[in-house]
Amino acid sequence: MWDDAFDGDINIVEVYVSVLRRKIDAPFGRRTIHTVRGVGYRLDHDQASA
């Protein structure tokens, strides 16, 4: 995703997905953002956490 000239944190996407999960999932007891290993992330319909 990043070229060799990128001088930032390589985990920036994971950091912001974590922030989103804390803001839109955790307070409401749901899991809408799912990690798809080797692909990225998937946003699902509202699902109550188990």
# chains A, B, ... in the order shown; residues from 1 in each chain; ligands from 1
>>> residues_around(residues="stretch 36-41 of chain A", least_positions_apart="6", cutoff="10 Å", atoms="only C-alpha atoms", output="list of chain:residue names")
A:Val13, A:Glu14, A:Val17
>>> select_by_dssp(residues="chain A", states="strand (DSSP E or B)", output="MDAnalysis selection string")
chainID A and resid 30 33:36 40:43 48
>>> atom_distance(atom1="atom CA of A:Leu43", atom2="atom CA of A:Gly8")
25.8 Å
>>> atom_distance(atom1="atom CA of A:Asp44", atom2="atom CA of A:Ser18")
15.8 Å
>>> atom_distance(atom1="atom CA of A:Arg30", atom2="atom CA of A:His45")
9.7 Å
